[in-house]
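Trainee: For reference, this is run19.txt, and it has compact mmCIF, C-alpha atoms.
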```
# COMPACT_ATOMS: atom_id res chain seq x y z
CA MET A 1 23.03 -14.37 64.97
CA ASN A 2 25.96 -12.87 66.90
CA PRO A 3 25.22 -10.60 69.88
CA ASN A 4 25.51 -6.86 69.44
CA PRO A 5 29.16 -5.80 69.89
CA ILE A 6 28.29 -2.52 71.67
CA SER A 7 29.09 -2.52 75.37
CA PRO A 8 28.40 0.18 77.97
CA THR A 9 31.23 1.45 80.15
CA ILE A 10 28.80 2.36 82.97
CA PRO A 11 26.09 0.45 84.84
CA PHE A 12 22.38 0.86 84.19
CA ASP A 13 21.13 -0.51 87.52
CA VAL A 14 23.31 1.23 90.12
CA ASP A 15 22.03 4.31 91.94
CA GLY A 16 23.86 7.58 91.32
CA LYS A 17 24.98 9.57 88.28
CA HIS A 18 27.25 7.76 85.84
CA HIS A 19 28.92 9.31 82.78
CA GLY A 20 30.50 7.03 80.22
CA PHE A 21 30.23 5.59 76.73
CA LEU A 22 28.60 3.02 74.54
CA ARG A 23 31.67 1.42 73.02
CA LEU A 24 31.36 0.05 69.47
CA PRO A 25 34.52 -1.64 68.16
CA HIS A 26 35.37 -0.10 64.81
CA SER A 27 38.54 -1.04 62.96
CA ARG A 28 39.59 1.60 60.46
CA ASN A 29 42.69 2.92 58.71
CA GLU A 30 43.45 5.39 61.50
CA SER A 31 42.99 2.88 64.36
CA ALA A 32 43.19 -0.85 63.79
CA TRP A 33 41.66 -1.65 67.20
CA GLY A 34 39.63 1.51 67.48
CA ALA A 35 36.09 2.13 68.66
CA ILE A 36 33.20 4.52 68.24
CA MET A 37 32.60 5.98 71.70
CA ILE A 38 29.03 7.26 72.06
CA PRO A 39 28.66 9.45 75.19
CA ILE A 40 25.94 8.35 77.62
CA THR A 41 24.78 9.34 81.10
CA VAL A 42 22.64 7.20 83.39
CA ILE A 43 21.04 8.79 86.44
CA ARG A 44 19.24 6.44 88.82
CA ASN A 45 17.60 6.72 92.21
CA GLY A 46 15.67 3.69 93.39
CA GLU A 47 12.80 1.95 91.69
CA GLY A 48 10.56 3.85 89.29
CA PRO A 49 9.93 4.60 85.63
CA THR A 50 12.75 4.83 83.08
CA ALA A 51 13.07 7.65 80.57
CA LEU A 52 15.30 7.33 77.50
CA PHE A 53 16.25 10.71 75.98
CA THR A 54 18.15 10.93 72.70
CA GLY A 55 19.51 13.66 70.44
CA ALA A 56 21.44 13.83 67.15
CA ASN A 57 19.61 10.90 65.59
CA HIS A 58 20.62 13.03 62.62
CA GLY A 59 24.01 14.59 63.12
CA ASP A 60 23.21 18.13 61.94
CA GLU A 61 20.35 18.75 64.43
CA TYR A 62 21.49 20.53 67.57
CA GLU A 63 18.66 21.44 69.96
CA GLY A 64 18.52 17.91 71.36
CA PRO A 65 22.25 17.65 72.05
CA ILE A 66 22.21 21.06 73.78
CA ALA A 67 19.25 20.15 76.00
CA LEU A 68 20.61 16.72 76.86
CA GLN A 69 24.12 17.92 77.63
CA ALA A 70 22.54 20.40 80.04
CA LEU A 71 20.33 17.70 81.57
CA ALA A 72 23.25 15.29 82.04
CA HIS A 73 25.25 18.05 83.74
CA GLU A 74 22.52 19.55 85.91
CA LEU A 75 20.17 16.72 86.96
CA GLU A 76 21.14 15.07 90.25
CA PRO A 77 19.98 11.62 91.44
CA GLU A 78 18.33 12.89 94.61
CA ARG A 79 15.88 14.91 92.50
CA ILE A 80 14.43 11.87 90.72
CA THR A 81 12.67 8.59 91.37
CA GLY A 82 13.57 5.97 88.80
CA ARG A 83 16.07 6.26 85.99
CA VAL A 84 17.02 8.62 83.17
CA ILE A 85 19.18 7.39 80.29
CA ILE A 86 20.63 10.29 78.31
CA VAL A 87 22.33 9.93 74.91
CA PRO A 88 22.98 13.43 73.50
CA TYR A 89 24.64 12.16 70.30
CA MET A 90 22.80 9.01 69.25
CA ASN A 91 24.38 8.99 65.77
CA TYR A 92 27.81 9.98 67.04
CA PRO A 93 29.76 9.64 63.76
CA ALA A 94 27.22 11.86 61.97
CA PHE A 95 27.22 14.36 64.82
CA ARG A 96 31.00 14.75 64.71
CA ALA A 97 30.86 15.20 60.93
CA GLY A 98 27.90 17.62 61.08
CA THR A 99 25.98 15.50 58.57
CA ARG A 100 22.50 13.99 58.49
CA VAL A 101 23.75 10.45 57.83
CA SER A 102 26.82 8.62 59.04
CA PRO A 103 30.06 9.36 57.16
CA ILE A 104 31.15 5.78 57.87
CA ASP A 105 28.51 3.92 55.89
CA THR A 106 26.20 6.73 54.55
CA VAL A 107 23.26 5.10 56.34
CA ASN A 108 20.44 7.21 57.80
CA LEU A 109 20.09 5.99 61.41
CA ASN A 110 16.43 7.00 61.45
CA ARG A 111 15.71 4.59 58.60
CA ALA A 112 17.88 1.72 59.89
CA PHE A 113 15.70 0.19 62.62
CA PRO A 114 15.51 -2.45 63.96
CA GLY A 115 19.11 -2.65 62.80
CA ALA A 116 21.35 -5.70 62.89
CA PRO A 117 24.15 -6.72 65.29
CA ASP A 118 26.26 -7.89 62.33
CA GLY A 119 25.45 -4.96 60.02
CA THR A 120 27.31 -1.75 59.35
CA ALA A 121 28.16 0.64 62.18
CA THR A 122 24.83 2.47 61.89
CA HIS A 123 22.85 -0.76 61.87
CA LYS A 124 24.69 -1.90 64.99
CA ILE A 125 23.83 1.34 66.77
CA ALA A 126 20.18 1.00 65.73
CA ASN A 127 20.07 -2.60 66.91
CA TYR A 128 21.54 -1.76 70.32
CA PHE A 129 18.92 0.89 70.92
CA ASN A 130 16.16 -1.34 69.57
CA ASP A 131 17.06 -4.47 71.53
CA THR A 132 18.75 -3.11 74.67
CA LEU A 133 17.88 0.49 75.54
CA VAL A 134 14.28 0.87 74.33
CA PRO A 135 13.07 -2.25 76.19
CA MET A 136 14.36 -0.65 79.43
CA ALA A 137 12.30 2.51 78.89
CA ASP A 138 8.76 3.48 79.80
CA ILE A 139 8.90 6.80 77.96
CA VAL A 140 11.18 7.88 75.10
CA LEU A 141 11.97 11.42 73.93
CA ASP A 142 13.85 11.77 70.64
CA TYR A 143 14.76 15.32 69.60
CA HIS A 144 14.74 16.42 65.97
CA SER A 145 15.00 19.68 64.06
CA GLY A 146 15.38 20.53 60.41
CA GLY A 147 19.12 20.11 60.08
CA LYS A 148 20.75 21.80 57.12
CA THR A 149 17.92 21.24 54.63
CA LEU A 150 14.67 22.15 56.47
CA ASP A 151 13.35 24.79 58.83
CA PHE A 152 10.39 24.12 61.14
CA LEU A 153 8.04 25.88 63.45
CA PRO A 154 9.04 24.64 66.92
CA PHE A 155 6.71 21.73 67.63
CA ALA A 156 6.49 18.50 69.58
CA CYS A 157 4.47 15.77 67.95
CA ALA A 158 2.72 12.45 68.34
CA HIS A 159 1.76 9.96 65.64
CA TYR A 160 -1.53 8.37 64.72
CA LEU A 161 -1.38 4.83 66.16
CA ASP A 162 -3.56 1.73 65.92
CA SER A 163 -3.80 1.59 69.71
CA VAL A 164 -6.06 4.36 70.99
CA THR A 165 -4.72 3.92 74.52
CA GLN A 166 -1.09 4.22 73.43
CA GLN A 167 -1.86 7.18 71.17
CA GLU A 168 -3.60 9.00 74.03
CA ALA A 169 -0.59 8.37 76.31
CA CYS A 170 1.77 9.73 73.65
CA VAL A 171 -0.39 12.80 73.07
CA ALA A 172 -0.47 13.52 76.81
CA ALA A 173 3.33 13.34 76.97
CA VAL A 174 3.69 15.56 73.90
CA GLN A 175 1.36 18.13 75.42
CA ALA A 176 3.43 18.01 78.62
CA PHE A 177 6.57 18.80 76.59
CA ASN A 178 4.73 22.04 75.78
CA ALA A 179 6.39 23.29 72.62
CA PRO A 180 4.82 26.42 71.10
CA TYR A 181 3.07 24.09 68.62
CA THR A 182 1.74 20.58 69.21
CA LEU A 183 1.26 18.45 66.10
CA MET A 184 -0.44 15.20 65.21
CA LEU A 185 2.04 14.03 62.60
CA ARG A 186 1.46 11.74 59.66
CA GLU A 187 4.82 10.38 58.47
CA ILE A 188 5.29 9.84 54.74
CA ASP A 189 8.19 7.40 55.17
CA ASN A 190 8.05 5.57 58.51
CA VAL A 191 9.73 2.31 57.48
CA GLY A 192 12.87 1.79 59.56
CA MET A 193 12.26 4.83 61.75
CA TYR A 194 13.26 4.93 65.41
CA ASP A 195 9.75 6.31 66.05
CA THR A 196 8.16 3.22 64.52
CA ALA A 197 10.45 0.87 66.43
CA VAL A 198 9.76 2.55 69.77
CA GLU A 199 6.01 2.73 69.24
CA GLY A 200 6.04 -0.88 68.02
CA GLN A 201 7.31 -1.88 71.46
CA GLY A 202 4.34 -0.15 73.07
CA LYS A 203 6.30 2.72 74.56
CA VAL A 204 5.19 6.29 75.15
CA PHE A 205 7.03 8.31 72.51
CA VAL A 206 7.64 12.03 72.09
CA THR A 207 9.49 13.60 69.18
CA THR A 208 10.09 17.16 68.05
CA GLU A 209 11.02 19.47 65.22
CA LEU A 210 12.49 22.58 66.84
CA GLY A 211 13.90 24.75 64.09
CA GLY A 212 16.54 24.03 61.49
CA GLY A 213 19.09 25.53 59.18
CA GLY A 214 21.90 23.45 60.67
CA SER A 215 22.08 25.44 63.89
CA ALA A 216 20.15 26.25 67.07
CA THR A 217 18.77 29.50 68.43
CA ALA A 218 18.42 30.76 71.99
CA ARG A 219 14.65 30.26 71.73
CA SER A 220 14.81 26.73 70.31
CA SER A 221 17.38 25.71 72.93
CA ARG A 222 15.15 27.04 75.73
CA ILE A 223 12.19 25.10 74.35
CA ALA A 224 14.26 21.91 74.20
CA ARG A 225 15.62 22.27 77.72
CA ARG A 226 12.25 23.07 79.28
CA GLY A 227 10.58 20.23 77.39
CA ALA A 228 12.96 17.61 78.79
CA LEU A 229 12.15 18.60 82.37
CA ASN A 230 8.42 18.75 81.64
CA VAL A 231 8.46 15.20 80.24
CA LEU A 232 10.31 13.91 83.30
CA ILE A 233 7.74 15.57 85.57
CA HIS A 234 4.90 14.14 83.47
CA ALA A 235 6.43 10.65 83.74
CA GLY A 236 6.61 10.87 87.53
CA ILE A 237 10.41 10.70 87.52
CA LEU A 238 11.10 14.30 88.51
CA GLU A 239 9.20 16.22 91.17
CA GLY A 240 7.92 19.65 90.27
CA GLU A 241 5.27 21.49 88.34
CA ILE A 242 5.14 21.44 84.56
CA LYS A 243 6.05 24.83 83.11
CA ALA A 244 3.42 25.40 80.46
CA GLU A 245 2.56 28.11 77.99
CA ARG A 246 -0.13 28.14 75.33
CA SER A 247 0.55 25.60 72.59
CA VAL A 248 -1.22 25.77 69.23
CA MET A 249 -2.68 22.39 68.22
CA LEU A 250 -2.03 21.36 64.61
CA ASP A 251 -2.97 18.33 62.55
CA MET A 252 -1.63 16.71 59.38
CA PRO A 253 -4.65 14.78 58.09
CA ASP A 254 -3.26 13.49 54.78
CA GLU A 255 -0.36 13.51 52.33
CA ASP A 256 -1.58 16.73 50.70
CA CYS A 257 0.22 18.49 53.55
CA TYR A 258 3.55 17.74 51.84
CA HIS A 259 4.73 19.74 48.81
CA PHE A 260 7.67 18.56 46.69
CA ALA A 261 9.76 20.34 44.09
CA THR A 262 9.43 19.23 40.47
CA SER A 263 12.20 21.56 39.34
CA GLU A 264 15.56 22.77 40.58
CA GLY A 265 16.79 26.27 41.14
CA LEU A 266 16.54 29.29 43.41
CA ILE A 267 13.61 29.36 45.86
CA GLU A 268 11.65 32.54 46.42
CA PRO A 269 9.44 31.92 49.49
CA LEU A 270 6.03 33.55 49.26
CA VAL A 271 4.83 32.45 52.71
CA ASP A 272 6.76 32.48 55.99
CA LEU A 273 6.65 29.86 58.76
CA GLY A 274 3.55 30.23 60.88
CA GLU A 275 1.56 32.11 58.25
CA LYS A 276 -1.84 30.88 57.14
CA VAL A 277 -2.49 30.08 53.50
CA GLU A 278 -5.62 29.15 51.55
CA LYS A 279 -5.83 26.19 49.19
CA GLY A 280 -4.62 27.20 45.73
CA ALA A 281 -2.65 30.19 46.95
CA PRO A 282 1.02 30.50 45.87
CA ILE A 283 3.50 29.40 48.53
CA ALA A 284 6.83 29.59 46.66
CA GLN A 285 8.36 29.94 43.25
CA VAL A 286 11.59 28.54 41.87
CA TRP A 287 13.77 30.59 39.52
CA PRO A 288 16.19 28.98 37.05
CA ALA A 289 19.75 28.85 38.32
CA ASP A 290 21.45 28.79 34.93
CA ARG A 291 19.96 31.71 32.94
CA THR A 292 17.96 34.92 33.08
CA GLY A 293 14.77 35.98 31.37
CA LEU A 294 12.70 32.84 32.11
CA GLN A 295 9.53 32.71 34.14
CA PRO A 296 9.76 31.01 37.55
CA LEU A 297 7.79 27.87 38.33
CA CYS A 298 5.15 28.66 40.96
CA TYR A 299 3.98 26.18 43.57
CA PHE A 300 0.50 26.36 45.09
CA ALA A 301 -0.97 25.17 48.38
CA GLN A 302 -2.62 21.78 48.00
CA ARG A 303 -4.79 22.51 51.04
CA SER A 304 -5.54 25.35 53.43
CA GLY A 305 -3.38 25.49 56.54
CA VAL A 306 -0.39 26.89 58.36
CA LEU A 307 3.14 26.67 56.94
CA VAL A 308 5.00 24.46 59.46
CA ALA A 309 8.09 23.58 57.43
CA ARG A 310 10.04 24.93 54.47
CA HIS A 311 13.07 23.97 52.48
CA PHE A 312 16.40 25.38 53.66
CA PRO A 313 18.69 26.87 52.31
CA GLY A 314 17.93 28.85 49.13
CA MET A 315 18.64 26.30 46.38
CA ILE A 316 16.44 23.26 45.80
CA GLN A 317 16.70 20.04 43.80
CA THR A 318 13.95 18.11 42.04
CA GLY A 319 12.27 15.82 44.56
CA ASP A 320 13.19 17.89 47.64
CA CYS A 321 10.49 18.73 50.15
CA LEU A 322 9.55 22.33 49.42
CA ALA A 323 6.98 23.01 52.15
CA VAL A 324 4.66 21.36 54.66
CA LEU A 325 1.23 22.64 55.67
CA ALA A 326 -0.78 21.65 58.73
CA THR A 327 -4.31 22.51 59.74
CA ALA A 328 -5.13 24.26 63.00
CA MET A 329 -7.30 22.21 65.35
CA GLU A 330 -10.06 23.81 67.38
CA ASP A 331 -9.20 24.60 71.01
```
As structure tokens - that is how I would like this structure written.
Mentor:
Amino acid sequence: MNPNPISPTIPFDVDGKHHGFLRLPHSRNESAWGAIMIPITVIRNGEGPTALFTGANHGDEYEGPIALQALAHELEPERITGRVIIVPYMNYPAFRAGTRVSPIDTVNLNRAFPGAPDGTATHKIANYFNDTLVPMADIVLDYHSGGKTLDFLPFACAHYLDSVTQQEACVAAVQAFNAPYTLMLREIDNVGMYDTAVEGQGKVFVTTELGGGGSATARSSRIARRGALNVLIHAGILEGEIKAERSVMLDMPDEDCYHFATSEGLIEPLVDLGEKVEKGAPIAQVWPADRTGLQPLCYFAQRSGVLVARHFPGMIQTGDCLAVLATAMED
């Protein structure tokens, strides 16, 4: 198999702060010898752990890019021991288009791992991270939020893993991030995910969902920025004291947490994010979009819990995720 065509324009092993690009040759109608230029910053100061921080795995999620642009601008080498690799716009074509998936090949980067060096543009990006950047890292932080189709309570999360030791290390890093909510997340579709690839290499992994609606807020941006610094302190890369506030612990014990639409139309939410709901209680109803006088279809909670995610915006299609419930864990 051919080597990955992506090449960095900056060094990974030289002390100092280096701003540059991951250059992916990409011939297209507008530029026969063109390239996709993915911005990257590497900050290094001597020997020590390596942190890999990424945003815009999906191109319409903005808290990560905001936090990582700030980190790349503000963090100086003399403040750290080790190395920080910062990629604010991991899926750069999708980020520039403001879309979840790449406009080049319509591939979802977060379902493309481990990728392929001879695949489409998105598969090449996935493969470079999988085979080159992740192996360098000791700890990985990948920011997510709801994009244009979901809205979340602001949480950082860890996954249930086969390795108890690795899971405990991930949970400790997630707690250090210190989002207002801390979630043990059960993915319903983890095949090809960056999360799965990183955890499969034995790395400490932190991910988030920090809002949604295709934008960021002042609060969600503050959470994202503070979390990045907290993770660096936790990893022993940055000196300082973790800035912590109370975080509510949540759990997703099974697939009943997920609720999907079986009809299309206009959503009327009956529960807001953060509100508690009992099993069997109504959480939303969907009104027909093409006529009046018909009864809406009501959706009921499949379990008791807290509403942690909801569909966004106001119209929904059959098969869309309508809502997600999580259960509060005892302090």
Trainee: Which residue, A:Ile80, A:Val140, A:Ala301, A:Ala289, has the smallest gap to A:Gln201 when you use all atoms listed in the file?
Mentor: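 So, comparing all the options, the nearest one is A:Val140.
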Trainee: I'd like the neighbourhood of A:Ala158 as a list of chain:residue names, where a residue qualifies if any of its atoms comes within 9 Å (using only C-alpha atoms), though same-chain residues fewer than 5 positions away should be ignored.
Mentor: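 Once the adjacent positions are removed, what remains is A:Gln167, A:Cys170, A:Val171, A:Ala173, A:Val174, A:Thr182, A:Leu183, A:Met184, A:Leu185, A:Arg186, A:Phe205, A:Val206, A:Thr207, A:Thr208.
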Trainee: Can you find the residues with an atom no farther than 6 Å from (30.4, 2.0, 58.8), counting only C-alpha atoms, and report them as a PyMOL selection string?
Mentor: chain A and resi 104-105+120-121
Trainee: Nearest to A:Asp195: which of A:Ile223, A:Val42, A:Ala126, A:Ile237 is it, counting only C-alpha atoms?
Mentor: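 Comparing A:Ile223, A:Val42, A:Ala126, A:Ile237 against A:Asp195, the winner is A:Ala126.
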Trainee: Mind listing whatever residues come within 7 Å of the point (14.4, 10.5, 71.8)? Use all atoms listed in the file, file coordinates, and give them as a PyMOL selection string.
Mentor: chain A and resi 52-55+140-143+206-207
Trainee: For A:His259, which residue among A:Tyr194, A:Tyr299, A:Trp287, A:Phe21 is the nearest when counting all atoms listed in the file?
Mentor: A:Tyr299
Trainee: So which one's closest to A:Ile36, A:Arg96, A:Arg303, A:His18, A:His73? Using all atoms listed in the file, please.
Mentor: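 The closest residue to A:Ile36 is A:Arg96.
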Trainee: Near stretch 279-282 of chain A, counting all atoms listed in the file, which residues have an atom at most 12 Å away, once you skip same-chain residues fewer than 2 positions from it, shown as a list of chain:residue names?
Mentor: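 Using all atoms listed in the file, the neighbours found are A:Asp256, A:Cys257, A:His259, A:Glu268, A:Pro269, A:Leu270, A:Val271, A:Asp272, A:Lys276, A:Val277, A:Ala284, A:Gln285, A:Val286, A:Leu297, A:Cys298, A:Tyr299, A:Phe300, A:Ala301, A:Gln302, A:Arg303, A:Ser304, A:Gly305, A:Val306, A:Leu307, A:Ala323, A:Leu325, A:Ala326, A:Thr327.
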Trainee: Report, in Å to a single decimal, how far apart atom CA of A:Ile85 and atom CA of A:Thr50 are.
Mentor: 7.5 Å
Trainee: Smallest atom-to-atom distance to A:Leu322: which of A:Gly59, A:Pro117, A:Gly64, A:Gly265, using all atoms listed in the file?
Mentor: A:Gly265
Trainee: For A:Arg246, which of A:Gln175, A:Thr165, A:Asn230, A:Thr196 is the closest residue, counting only C-alpha atoms?
Mentor: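 Between A:Gln175, A:Thr165, A:Asn230, A:Thr196, the residue approaching A:Arg246 most closely is A:Gln175.
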